[in-house]
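Novice: Below you'll find the structure I mean.
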Amino acid sequence: MELGWNTYRAFWGQGFANEAAAAALKHALEIRREPKVRALITSANESSLRVAKRLGLAYETETELYGKTVGIYTRER
């Protein structure tokens, strides 16, 4: 299962991405009982990397998505 978040620039830095992603992650792991959740994040997206770290997602490997290299960050149940 893939976890993603996106907020309008006007709302950056207010904790919305972290709060929403945390709720989605909790639902995926506790309610849906997914064995693993992953997020695909470019290395330049420092804000999303901080959100992933706060959520306990760890770097696993890289992959290519639409011609761009992205990191795969995962958390297991």
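We label chains A, B, ... in the order they appear in the structure tokens, count residues from 1 in each chain, and number ligands from 1 in the order shown.
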Give me, as a list in words, the residues of chain A that a backbone DSSP run labels helix (DSSP H, G or I).

Specialist: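 Of chain A, only Arg9, Ala10, Phe11, Phe16, Ala17, Asn18, Glu19, Ala20, Ala21, Ala22, Ala23, Ala24, Leu25, Lys26, His27, Ala28, Leu29, Glu30, Ile31, Glu46, Ser47, Ser48, Leu49, Arg50, Val51, Ala52, Lys53 and Arg54 of chain A fall in helix (DSSP H, G or I).
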
Novice: At a cut-off of 9 Å, using only C-alpha atoms, what residues contact Ala21 in chain A? Leave out same-chain residues fewer than 6 positions from it and give the result as a PyMOL selection string.

Specialist: chain A and resi 3-5+51-52+55

Novice: Quick one: pull the distance between CA of Tyr73 in chain A and CA of Ala58 in chain A, Å, one decimal.

Specialist: 5.0 Å

Novice: Enter the distance from CA of Glu76 in chain A to CA of Gln14 in chain A, in Å, rounded to one decimal.

Specialist: 26.9 Å

Novice: Hey, can you check how far CA of Glu46 in chain A sits from CA of Glu34 in chain A?

Specialist: 26.3 Å
